[in-house]
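Dropping model23.cif in here (mmCIF, C-alpha atoms and all ligand atoms):
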```
data_final
loop_
_atom_site.label_atom_id
_atom_site.label_comp_id
_atom_site.auth_asym_id
_atom_site.auth_seq_id
_atom_site.Cartn_x
_atom_site.Cartn_y
_atom_site.Cartn_z
CA MET A 1 0.00 0.00 0.00
CA ASP A 2 1.53 3.27 -1.15
CA ILE A 3 0.82 5.69 1.68
CA THR A 4 1.07 8.67 -0.70
CA THR A 5 -1.48 7.62 -3.35
CA SER A 6 -3.97 5.19 -1.81
CA THR A 7 -7.70 5.55 -1.32
CA VAL A 8 -8.37 3.96 2.06
CA PHE A 9 -11.54 3.14 3.97
CA ILE A 10 -11.01 2.87 7.74
CA PRO A 11 -14.02 1.63 9.70
CA GLY A 12 -13.12 2.51 13.30
CA ALA A 13 -11.56 5.90 12.57
CA THR A 14 -13.74 8.09 14.77
CA SER A 15 -11.17 8.07 17.60
CA GLY A 16 -7.86 6.68 18.80
CA ILE A 17 -5.53 4.81 16.47
CA GLY A 18 -7.91 4.84 13.50
CA LEU A 19 -8.41 8.60 13.58
CA ALA A 20 -4.69 9.25 14.04
CA ILE A 21 -3.82 6.93 11.13
CA ALA A 22 -6.51 8.58 8.99
CA ARG A 23 -4.89 11.96 9.65
CA ALA A 24 -1.37 10.64 8.99
CA LEU A 25 -2.35 8.96 5.71
CA THR A 26 -4.18 12.11 4.58
CA GLU A 27 -1.10 14.15 5.37
CA ALA A 28 1.04 11.67 3.40
CA GLY A 29 -1.14 12.21 0.31
CA SER A 30 -3.72 9.40 0.47
CA ARG A 31 -7.48 9.88 0.34
CA VAL A 32 -9.18 8.57 3.48
CA ILE A 33 -12.79 7.67 4.19
CA ALA A 34 -13.36 7.36 7.93
CA GLY A 35 -16.04 5.01 9.28
CA GLY A 36 -17.72 4.31 12.58
CA ARG A 37 -21.06 4.61 14.33
CA SER A 38 -20.35 8.15 15.49
CA VAL A 39 -18.88 9.77 12.37
CA SER A 40 -21.28 12.71 12.72
CA ARG A 41 -19.05 13.93 15.58
CA LEU A 42 -16.05 14.27 13.27
CA SER A 43 -15.05 17.47 11.52
CA GLU A 44 -12.03 16.38 9.51
CA PRO A 45 -10.79 17.09 6.01
CA PHE A 46 -11.79 13.62 4.81
CA ASP A 47 -15.02 11.83 3.86
CA THR A 48 -16.93 9.91 6.48
CA VAL A 49 -19.32 6.97 6.21
CA GLU A 50 -21.49 5.62 9.01
CA ILE A 51 -20.97 1.93 9.71
CA ASP A 52 -21.79 -0.48 12.50
CA VAL A 53 -19.64 -3.56 11.89
CA THR A 54 -21.97 -5.73 14.01
CA ASP A 55 -24.81 -5.11 11.53
CA ALA A 56 -24.49 -6.82 8.12
CA ALA A 57 -26.96 -4.38 6.48
CA SER A 58 -24.98 -1.40 7.79
CA VAL A 59 -21.74 -2.89 6.42
CA ALA A 60 -23.35 -3.45 3.00
CA ARG A 61 -24.73 0.13 2.97
CA ALA A 62 -21.34 1.53 3.92
CA ARG A 63 -19.59 -0.56 1.24
CA ASP A 64 -22.03 0.75 -1.41
CA ARG A 65 -21.57 4.35 -0.31
CA VAL A 66 -17.79 4.07 -0.24
CA LEU A 67 -17.52 2.38 -3.65
CA ASP A 68 -20.12 4.65 -5.34
CA LYS A 69 -18.06 7.68 -4.43
CA HIS A 70 -14.61 6.04 -4.54
CA PRO A 71 -14.58 3.34 -7.23
CA ASP A 72 -10.77 3.52 -7.06
CA LEU A 73 -10.74 2.30 -3.42
CA SER A 74 -7.39 0.57 -2.96
CA ALA A 75 -7.23 -0.33 0.74
CA VAL A 76 -9.35 -1.05 3.78
CA ILE A 77 -8.14 -1.06 7.40
CA THR A 78 -10.44 -3.03 9.72
CA MET A 79 -9.84 -0.89 12.79
CA SER A 80 -13.17 -1.20 14.67
CA GLY A 81 -12.78 -2.86 18.03
CA ILE A 82 -13.83 -2.95 21.67
CA MET A 83 -12.01 -4.15 24.80
CA VAL A 84 -14.07 -4.86 27.91
CA PRO A 85 -13.05 -6.61 31.16
CA GLU A 86 -14.86 -9.85 32.00
CA ASP A 87 -15.09 -11.78 35.26
CA LEU A 88 -15.40 -15.40 34.15
CA ARG A 89 -16.66 -16.40 37.63
CA ASP A 90 -19.88 -14.52 36.79
CA PRO A 91 -21.91 -16.04 33.92
CA ALA A 92 -23.21 -12.54 33.15
CA HIS A 93 -19.88 -11.98 31.37
CA PHE A 94 -21.31 -13.80 28.36
CA ALA A 95 -23.06 -10.69 26.99
CA THR A 96 -19.65 -9.01 26.80
CA THR A 97 -18.15 -12.09 25.16
CA GLU A 98 -20.80 -12.03 22.43
CA ARG A 99 -20.47 -8.31 21.81
CA THR A 100 -16.68 -8.58 21.65
CA ILE A 101 -16.72 -11.45 19.16
CA ASP A 102 -19.43 -9.72 17.10
CA THR A 103 -17.41 -6.51 16.86
CA ASN A 104 -13.77 -7.62 16.78
CA LEU A 105 -13.92 -10.92 14.92
CA LEU A 106 -17.22 -11.11 13.00
CA GLY A 107 -17.02 -7.35 12.36
CA THR A 108 -13.59 -7.79 10.79
CA ILE A 109 -14.84 -10.66 8.64
CA ARG A 110 -17.98 -8.73 7.57
CA VAL A 111 -15.87 -5.82 6.39
CA VAL A 112 -13.30 -8.06 4.66
CA ASP A 113 -16.10 -9.97 2.88
CA ALA A 114 -17.76 -6.73 1.81
CA PHE A 115 -14.66 -5.37 0.06
CA THR A 116 -12.80 -8.49 -1.16
CA PRO A 117 -14.87 -8.81 -4.39
CA HIS A 118 -14.02 -5.19 -5.27
CA PHE A 119 -10.29 -5.77 -4.78
CA LEU A 120 -10.39 -9.08 -6.68
CA GLN A 121 -12.13 -7.37 -9.58
CA ARG A 122 -9.41 -4.71 -9.64
CA GLY A 123 -6.71 -7.35 -9.31
CA ALA A 124 -5.12 -5.14 -6.65
CA GLY A 125 -5.72 -3.86 -3.16
CA THR A 126 -4.61 -4.04 0.45
CA ILE A 127 -6.55 -5.38 3.40
CA VAL A 128 -5.03 -4.33 6.73
CA THR A 129 -6.45 -6.25 9.67
CA VAL A 130 -5.85 -5.08 13.24
CA SER A 131 -4.90 -7.60 15.91
CA SER A 132 -2.90 -6.76 19.04
CA GLY A 133 0.16 -7.80 21.01
CA LEU A 134 -2.47 -9.44 23.23
CA ALA A 135 -3.18 -11.88 20.38
CA TYR A 136 0.19 -13.44 21.23
CA VAL A 137 0.10 -13.31 25.06
CA PRO A 138 -3.41 -12.89 26.50
CA PHE A 139 -4.43 -10.21 28.98
CA PRO A 140 -6.50 -12.33 31.41
CA LEU A 141 -8.67 -9.36 32.46
CA THR A 142 -10.16 -9.28 28.93
CA PRO A 143 -10.44 -12.94 27.86
CA ALA A 144 -12.74 -12.54 24.85
CA TYR A 145 -10.71 -9.58 23.62
CA GLY A 146 -7.50 -11.63 23.50
CA ALA A 147 -9.34 -14.56 21.92
CA THR A 148 -10.75 -12.37 19.15
CA LYS A 149 -7.38 -10.82 18.42
CA ALA A 150 -5.68 -14.24 18.27
CA ALA A 151 -8.47 -15.22 15.88
CA VAL A 152 -7.92 -12.11 13.75
CA HIS A 153 -4.25 -13.08 13.49
CA SER A 154 -5.11 -16.63 12.42
CA TYR A 155 -7.80 -15.43 10.00
CA SER A 156 -5.40 -12.94 8.42
CA GLU A 157 -2.88 -15.72 7.77
CA SER A 158 -5.52 -17.83 5.99
CA LEU A 159 -6.89 -14.84 4.09
CA ARG A 160 -3.39 -14.00 2.81
CA GLN A 161 -2.88 -17.56 1.58
CA GLN A 162 -6.28 -17.67 -0.13
CA LEU A 163 -5.69 -14.35 -1.89
CA ALA A 164 -2.10 -15.12 -2.90
CA GLY A 165 -1.56 -14.44 -6.59
CA THR A 166 -4.67 -12.24 -6.94
CA GLY A 167 -2.85 -8.94 -6.40
CA VAL A 168 -4.66 -8.42 -3.08
CA GLU A 169 -2.25 -8.01 -0.15
CA VAL A 170 -3.09 -8.79 3.48
CA ALA A 171 -1.20 -7.01 6.27
CA GLU A 172 -1.79 -7.41 10.01
CA LEU A 173 -1.27 -4.32 12.16
CA ILE A 174 -0.19 -5.48 15.64
CA PRO A 175 -0.36 -2.56 18.09
CA PRO A 176 1.21 -2.74 21.55
CA GLU A 177 -0.64 -0.99 24.36
CA VAL A 178 -1.27 2.49 22.95
CA ALA A 179 -2.65 5.43 24.93
CA THR A 180 -6.26 5.67 23.71
CA GLU A 181 -9.71 5.41 25.31
CA LEU A 182 -10.15 1.79 24.11
CA MET A 183 -10.92 0.30 27.50
CA PRO A 184 -13.85 2.10 29.15
CA GLY A 185 -12.92 3.31 32.59
CA GLY A 186 -9.36 2.76 31.36
CA THR A 187 -6.52 0.73 32.67
CA THR A 188 -4.18 2.44 30.21
CA SER A 189 -0.90 2.18 32.04
CA PRO A 190 1.66 4.96 32.21
CA THR A 191 3.88 2.74 30.05
CA ALA A 192 1.39 2.72 27.14
CA MET A 193 2.96 3.91 23.91
CA PRO A 194 1.98 7.49 23.09
CA LEU A 195 -0.51 7.49 20.20
CA ALA A 196 1.51 9.90 18.05
CA ASP A 197 4.67 7.78 18.43
CA PHE A 198 2.82 4.60 17.52
CA VAL A 199 1.26 6.10 14.40
CA ARG A 200 4.51 7.74 13.30
CA GLU A 201 6.44 4.45 13.59
CA SER A 202 3.68 2.37 11.93
CA VAL A 203 3.31 4.74 8.98
CA ALA A 204 7.12 4.88 8.60
CA LEU A 205 7.19 1.07 8.47
CA LEU A 206 4.54 1.12 5.74
CA ALA A 207 6.49 3.75 3.84
CA THR A 208 9.58 1.53 3.92
CA ASP A 209 7.80 -1.73 3.06
CA PRO A 210 4.43 -1.19 1.35
CA THR A 211 3.54 -4.93 1.35
CA PRO A 212 4.38 -6.28 4.81
CA HIS A 213 2.71 -9.35 6.28
CA GLU A 214 2.84 -7.76 9.71
CA ILE A 215 3.28 -4.18 10.90
CA THR A 216 5.12 -4.48 14.22
CA VAL A 217 6.55 -1.44 15.96
CA ASP A 218 9.51 -2.18 18.26
CA ARG A 219 7.35 -1.83 21.39
CA VAL A 220 5.17 -4.85 20.49
CA LYS A 221 7.98 -7.23 19.58
CA PRO A 222 8.37 -8.77 23.09
CA LEU A 223 4.70 -9.88 22.99
CA ARG A 224 4.75 -10.87 19.30
CA HIS A 225 7.81 -13.08 19.79
CA ALA A 226 7.22 -14.23 23.38
CA VAL A 227 6.89 -17.91 22.48
CA THR A 228 10.09 -18.04 20.44
CA ASP A 229 11.89 -15.80 22.97
CA GLY A 230 10.92 -18.19 25.82
CA THR A 231 9.32 -15.31 27.76
CA TYR A 232 5.65 -16.28 27.30
CA HIS A 233 4.95 -17.50 30.87
CA GLN A 234 6.81 -14.61 32.43
CA LEU A 235 4.80 -12.09 30.38
CA LEU A 236 1.51 -13.91 31.05
CA GLY A 237 2.26 -13.72 34.77
CA ALA A 238 2.97 -10.00 34.54
CA LEU A 239 -0.24 -9.36 32.55
CA SER A 240 -2.22 -11.40 35.10
CA GLN A 241 -1.43 -8.82 37.80
CA ALA A 242 -4.29 -6.76 36.37
CA LEU A 243 -6.77 -9.38 37.65
CA ALA A 244 -6.56 -7.47 40.92
CA ALA A 245 -9.14 -5.16 39.31
CA LEU A 246 -11.67 -8.01 39.73
CA GLY A 247 -11.09 -8.06 43.47
CA ARG A 248 -8.70 -11.01 43.65
N1 LIG B 301 -5.14 1.09 22.16
C1 LIG B 301 -4.49 -0.06 22.32
O1 LIG B 301 -3.75 -0.26 23.29
C2 LIG B 301 -4.65 -1.15 21.28
C3 LIG B 301 -3.74 -2.22 21.32
C4 LIG B 301 -3.87 -3.23 20.40
C5 LIG B 301 -4.88 -3.19 19.45
N2 LIG B 301 -5.74 -2.14 19.43
C6 LIG B 301 -6.81 -2.16 18.43
O2 LIG B 301 -6.82 -0.95 17.70
C7 LIG B 301 -8.15 -0.70 17.25
C8 LIG B 301 -8.52 0.75 17.58
O3 LIG B 301 -8.57 0.89 18.99
P1 LIG B 301 -8.27 2.28 19.74
O4 LIG B 301 -7.29 1.99 20.79
O5 LIG B 301 -8.02 3.32 18.76
O6 LIG B 301 -9.65 2.50 20.52
P2 LIG B 301 -10.86 3.53 20.29
O7 LIG B 301 -10.36 4.93 20.31
O8 LIG B 301 -11.90 3.12 21.27
O9 LIG B 301 -11.34 3.21 18.79
C9 LIG B 301 -12.21 2.16 18.51
C10 LIG B 301 -12.88 2.45 17.18
O10 LIG B 301 -13.72 1.32 16.87
C11 LIG B 301 -14.96 1.81 16.47
N3 LIG B 301 -16.01 0.85 16.75
C12 LIG B 301 -16.30 0.23 17.93
N4 LIG B 301 -17.41 -0.54 17.76
C13 LIG B 301 -17.79 -0.40 16.48
C14 LIG B 301 -18.86 -0.91 15.70
N5 LIG B 301 -19.79 -1.75 16.24
N6 LIG B 301 -18.97 -0.57 14.40
C15 LIG B 301 -18.06 0.29 13.85
N7 LIG B 301 -17.03 0.82 14.52
C16 LIG B 301 -16.91 0.47 15.83
C17 LIG B 301 -15.17 3.11 17.24
O11 LIG B 301 -16.06 3.96 16.53
P3 LIG B 301 -17.59 4.26 16.94
O12 LIG B 301 -17.70 4.20 18.42
O13 LIG B 301 -17.81 5.62 16.34
O14 LIG B 301 -18.38 3.20 16.24
C18 LIG B 301 -13.75 3.70 17.22
O15 LIG B 301 -13.57 4.44 16.04
C19 LIG B 301 -9.04 -1.74 17.92
O16 LIG B 301 -9.29 -2.80 17.02
C20 LIG B 301 -8.18 -2.23 19.07
O17 LIG B 301 -8.50 -3.55 19.46
C21 LIG B 301 -5.64 -1.11 20.31
#
```
Spell out the structure here as structure tokens.
Ligand SMILES: NC(=O)c1ccc[n+]([C@@H]2O[C@H](COP(=O)([O-])OP(=O)(O)OC[C@H]3O[C@@H](n4cnc5c(N)ncnc54)[C@H](OP(=O)(O)O)[C@@H]3O)[C@@H](O)[C@H]2O)c1
Amino acid sequence: MDITTSTVFIPGATSGIGLAIARALTEAGSRVIAGGRSVSRLSEPFDTVEIDVTDAASVARARDRVLDKHPDLSAVITMSGIMVPEDLRDPAHFATTERTIDTNLLGTIRVVDAFTPHFLQRGAGTIVTVSSGLAYVPFPLTPAYGATKAAVHSYSESLRQQLAGTGVEVAELIPPEVATELMPGGTTSPTAMPLADFVRESVALLATDPTPHEITVDRVKPLRHAVTDGTYHQLLGALSQALAALGR
């Protein structure tokens, strides 16, 4: 994906990482269409399209609106996501589990399915999925979140293999903890990567290698490579400290 000439739809660009990447790509010369449920709140120099990724009809409507106006669409970044703590000792957690899977995993797949035929027809395009360092070592306070991100990683690998040779590239963006409002009530730690630093490094990586399989800033590498580094159990133990928030 050429960051200077692409036309990019980013569902999940009304705040946080998505909005910051939308601004950075616009500044680099690309045309961005920002999506989300609350796009009406945005006043940015790029197009916006309302989309709820948990609603198949909304995804189809958004796809039609984006492609009607931007038939040259060359990339989509599936940024929409939620992260909510769950206490697995309380069966009431299941509503959160369902919502998380519907948004993070099924939402990703709905968006990918909506745009893949367009990219196949063009014989070119980039699909950027968004997982997390927590796909590689789970954060036990948010079990469904980690499960969906591990699933997004696995799905991206299969998608890339199925689309090989079609001209459609699949890249997985793997953020570390970044200072945004992702987790309501927030447990963003003081060590979270500043949003501007994360976006600057990610966009620079894309500028250097426009067709990466994974976009991994330095800060996420310990999680991404924990298994091969032999640090998985140590990191899982450290991440489990946050279970204190559940009163343990
Ligand atoms: N921040 C981190 O530490 C971190 C780390 C690893 C991965 N990530 C991933 O990065 C992505 C962006 O997160 P963020 O940190 O930037 O958090 P954020 O500021 O809360 O952004 C989340 C975005 O997802 C959108 N969204 C949520 N539910 C949606 C739905 N049903 N339909 C359409 N859009 C929906 C929101 O838009 P609306 O509310 O307007 O719909 C918002 O634009 C997520 O996939 C997250 O899992 C973040």
Residues up to 8 Å from ligand LIG 301 (chain B), counting only C-alpha atoms and all ligand atoms: could you list those as a ChimeraX atom specification? /A:11-19,35-39,50-55,78-83,103-104,107,130-134,145,149,174-183,188,192-193
Any idea what's packed within 7 Å of Leu73 (chain A), counting only C-alpha atoms, ignoring anything in its chain fewer than 4 positions away? Could you give it as a PyMOL selection string? chain A and resi 7-8+67
Write out the residues from the selection above, keeping C-alpha atoms, as a PDB file, keeping the file's coordinate frame.
```pdb
ATOM      1  CA  THR A   7      -7.700   5.550  -1.320  1.00  0.00           C
ATOM      2  CA  VAL A   8      -8.370   3.960   2.060  1.00  0.00           C
ATOM      3  CA  LEU A  67     -17.520   2.380  -3.650  1.00  0.00           C
TER       4      LEU A  67
END
```
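Look at everything within 9 Å of (-8.6, -7.4, 36.1) using only C-alpha atoms, and the residues you get are Pro85, Glu86, Asp87, Phe139, Pro140, Leu141, Thr142, Ser240, Gln241, Ala242, Leu243, Ala244, Ala245, Leu246, Gly247 and Arg248 of chain A.
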Listed atoms of region 158-169 of chain A boxed axis-aligned with 6 Å per side, centre + edges as lines of an AutoDock Vina configuration file:
```
center_x = -4.2
center_y = -12.9
center_z = -0.5
size_x = 17.3
size_y = 21.8
size_z = 24.9
```
So what do you get for CA of Ser43 (chain A) versus CA of Arg23 (chain A), distance-wise? 11.7 Å
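Straight-line separation from CA of Thr191 (chain A) to CA of His225 (chain A): 19.3 Å.
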To one decimal place, how far is CA of Ala207 (chain A) from CA of Leu25 (chain A) in Å? 10.4 Å
Would you mind telling me which residue in A:Val168, A:Ala34, A:Leu105, A:Val227 lies nearest to Ser154 (chain A) when using all atoms listed in the file?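 Among the listed residues, the smallest separation from Ser154 (chain A) belongs to A:Leu105.
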Pick from A:Ala20, A:Tyr136, A:Glu172, A:Ala238: nearest to Pro212 (chain A), with only C-alpha atoms counted?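 Closest to Pro212 (chain A) of all the choices is A:Glu172.
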Which polymer residues have any atom within 8 Å of an atom of Val66 (chain A), counting all atoms listed in the file, with same-chain residues fewer than 6 positions away left out, as a PyMOL selection string? chain A and resi 9+33+49+73
Which residues come within 12 Å of Gln121 (chain A), counting all atoms listed in the file, excluding same-chain residues fewer than 2 positions away, as a PDB file with C-alpha atoms, in the frame of the given file?
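Ended up saving to around37.pdb:
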```pdb
ATOM      1  CA  PRO A  71     -14.580   3.340  -7.230  1.00  0.00           C
ATOM      2  CA  ASP A  72     -10.770   3.520  -7.060  1.00  0.00           C
ATOM      3  CA  LEU A  73     -10.740   2.300  -3.420  1.00  0.00           C
ATOM      4  CA  SER A  74      -7.390   0.570  -2.960  1.00  0.00           C
ATOM      5  CA  PHE A 115     -14.660  -5.370   0.060  1.00  0.00           C
ATOM      6  CA  THR A 116     -12.800  -8.490  -1.160  1.00  0.00           C
ATOM      7  CA  PRO A 117     -14.870  -8.810  -4.390  1.00  0.00           C
ATOM      8  CA  HIS A 118     -14.020  -5.190  -5.270  1.00  0.00           C
ATOM      9  CA  PHE A 119     -10.290  -5.770  -4.780  1.00  0.00           C
ATOM     10  CA  GLY A 123      -6.710  -7.350  -9.310  1.00  0.00           C
ATOM     11  CA  ALA A 124      -5.120  -5.140  -6.650  1.00  0.00           C
ATOM     12  CA  GLY A 125      -5.720  -3.860  -3.160  1.00  0.00           C
ATOM     13  CA  THR A 166      -4.670 -12.240  -6.940  1.00  0.00           C
ATOM     14  CA  GLY A 167      -2.850  -8.940  -6.400  1.00  0.00           C
ATOM     15  CA  VAL A 168      -4.660  -8.420  -3.080  1.00  0.00           C
TER      16      VAL A 168
END
```
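Among A:Ala144, A:Val76, A:Leu120, A:Val111, the residue with the shortest atom-to-atom distance to Arg99 (chain A), counting only C-alpha atoms, is A:Ala144.
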Would you list the contacts of Ala56 (chain A) as number ranges by chain, taking every protein, DNA or RNA residue within 12 Å and counting all atoms listed in the file, but skipping same-chain residues closer than 4 positions in sequence? A: 51-52, 60-63, 102-103, 106-114
What does the file look like for those residues with C-alpha atoms, as a compact mmCIF listing (two decimals), keeping the file's coordinate frame?
```txt
# COMPACT_ATOMS: atom_id res chain seq x y z
CA ILE A 51 -20.97 1.93 9.71
CA ASP A 52 -21.79 -0.48 12.50
CA ALA A 60 -23.35 -3.45 3.00
CA ARG A 61 -24.73 0.13 2.97
CA ALA A 62 -21.34 1.53 3.92
CA ARG A 63 -19.59 -0.56 1.24
CA ASP A 102 -19.43 -9.72 17.10
CA THR A 103 -17.41 -6.51 16.86
CA LEU A 106 -17.22 -11.11 13.00
CA GLY A 107 -17.02 -7.35 12.36
CA THR A 108 -13.59 -7.79 10.79
CA ILE A 109 -14.84 -10.66 8.64
CA ARG A 110 -17.98 -8.73 7.57
CA VAL A 111 -15.87 -5.82 6.39
CA VAL A 112 -13.30 -8.06 4.66
CA ASP A 113 -16.10 -9.97 2.88
CA ALA A 114 -17.76 -6.73 1.81
```
Can you pull out every residue within 8 Å of region 229-234 of chain A, counting all atoms listed in the file, but drop anything in the same chain fewer than 5 positions away, and send it as a ChimeraX atom specification? /A:137,222-223
Filtering to C-alpha atoms, could you give me those residues as a PDB file, keeping the file's coordinate frame?
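Heads up, here's the output in selection.pdb:
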```
ATOM      1  CA  VAL A 137       0.100 -13.310  25.060  1.00  0.00           C
ATOM      2  CA  PRO A 222       8.370  -8.770  23.090  1.00  0.00           C
ATOM      3  CA  LEU A 223       4.700  -9.880  22.990  1.00  0.00           C
TER       4      LEU A 223
END
```
N, CA and C atoms for region 87-104 of chain A, written as an mmCIF file, keeping the file's coordinate frame, could you do that?
```
data_model
loop_
_atom_site.group_PDB
_atom_site.id
_atom_site.type_symbol
_atom_site.label_atom_id
_atom_site.label_comp_id
_atom_site.auth_asym_id
_atom_site.auth_seq_id
_atom_site.Cartn_x
_atom_site.Cartn_y
_atom_site.Cartn_z
ATOM 1 N N ASP A 87 -15.340 -10.904 34.124
ATOM 2 C CA ASP A 87 -15.090 -11.780 35.260
ATOM 3 C C ASP A 87 -15.710 -13.136 34.931
ATOM 4 N N LEU A 88 -14.892 -14.110 34.616
ATOM 5 C CA LEU A 88 -15.400 -15.400 34.150
ATOM 6 C C LEU A 88 -16.056 -16.209 35.268
ATOM 7 N N ARG A 89 -15.972 -15.722 36.518
ATOM 8 C CA ARG A 89 -16.660 -16.400 37.630
ATOM 9 C C ARG A 89 -18.136 -16.025 37.629
ATOM 10 N N ASP A 90 -18.498 -14.994 36.844
ATOM 11 C CA ASP A 90 -19.880 -14.520 36.790
ATOM 12 C C ASP A 90 -20.424 -14.770 35.387
ATOM 13 N N PRO A 91 -21.406 -15.696 35.264
ATOM 14 C CA PRO A 91 -21.910 -16.040 33.920
ATOM 15 C C PRO A 91 -22.443 -14.832 33.149
ATOM 16 N N ALA A 92 -22.713 -13.739 33.838
ATOM 17 C CA ALA A 92 -23.210 -12.540 33.150
ATOM 18 C C ALA A 92 -22.175 -11.976 32.177
ATOM 19 N N HIS A 93 -20.933 -12.481 32.291
ATOM 20 C CA HIS A 93 -19.880 -11.980 31.370
ATOM 21 C C HIS A 93 -20.220 -12.294 29.924
ATOM 22 N N PHE A 94 -21.127 -13.279 29.720
ATOM 23 C CA PHE A 94 -21.310 -13.800 28.360
ATOM 24 C C PHE A 94 -21.802 -12.729 27.383
ATOM 25 N N ALA A 95 -22.574 -11.767 27.879
ATOM 26 C CA ALA A 95 -23.060 -10.690 26.990
ATOM 27 C C ALA A 95 -21.873 -9.920 26.419
ATOM 28 N N THR A 96 -20.862 -9.701 27.257
ATOM 29 C CA THR A 96 -19.650 -9.010 26.800
ATOM 30 C C THR A 96 -18.888 -9.874 25.790
ATOM 31 N N THR A 97 -18.829 -11.170 26.081
ATOM 32 C CA THR A 97 -18.150 -12.090 25.160
ATOM 33 C C THR A 97 -18.770 -11.995 23.766
ATOM 34 N N GLU A 98 -20.118 -12.058 23.736
ATOM 35 C CA GLU A 98 -20.800 -12.030 22.430
ATOM 36 C C GLU A 98 -20.553 -10.723 21.696
ATOM 37 N N ARG A 99 -20.645 -9.624 22.431
ATOM 38 C CA ARG A 99 -20.470 -8.310 21.810
ATOM 39 C C ARG A 99 -19.034 -8.154 21.273
ATOM 40 N N THR A 100 -18.090 -8.682 22.049
ATOM 41 C CA THR A 100 -16.680 -8.580 21.650
ATOM 42 C C THR A 100 -16.405 -9.390 20.387
ATOM 43 N N ILE A 101 -16.933 -10.610 20.359
ATOM 44 C CA ILE A 101 -16.720 -11.450 19.160
ATOM 45 C C ILE A 101 -17.432 -10.828 17.963
ATOM 46 N N ASP A 102 -18.654 -10.312 18.195
ATOM 47 C CA ASP A 102 -19.430 -9.720 17.100
ATOM 48 C C ASP A 102 -18.709 -8.514 16.500
ATOM 49 N N THR A 103 -18.091 -7.720 17.346
ATOM 50 C CA THR A 103 -17.410 -6.510 16.860
ATOM 51 C C THR A 103 -16.024 -6.853 16.310
ATOM 52 N N ASN A 104 -15.200 -7.492 17.123
ATOM 53 C CA ASN A 104 -13.770 -7.620 16.780
ATOM 54 C C ASN A 104 -13.501 -8.701 15.733
#
```
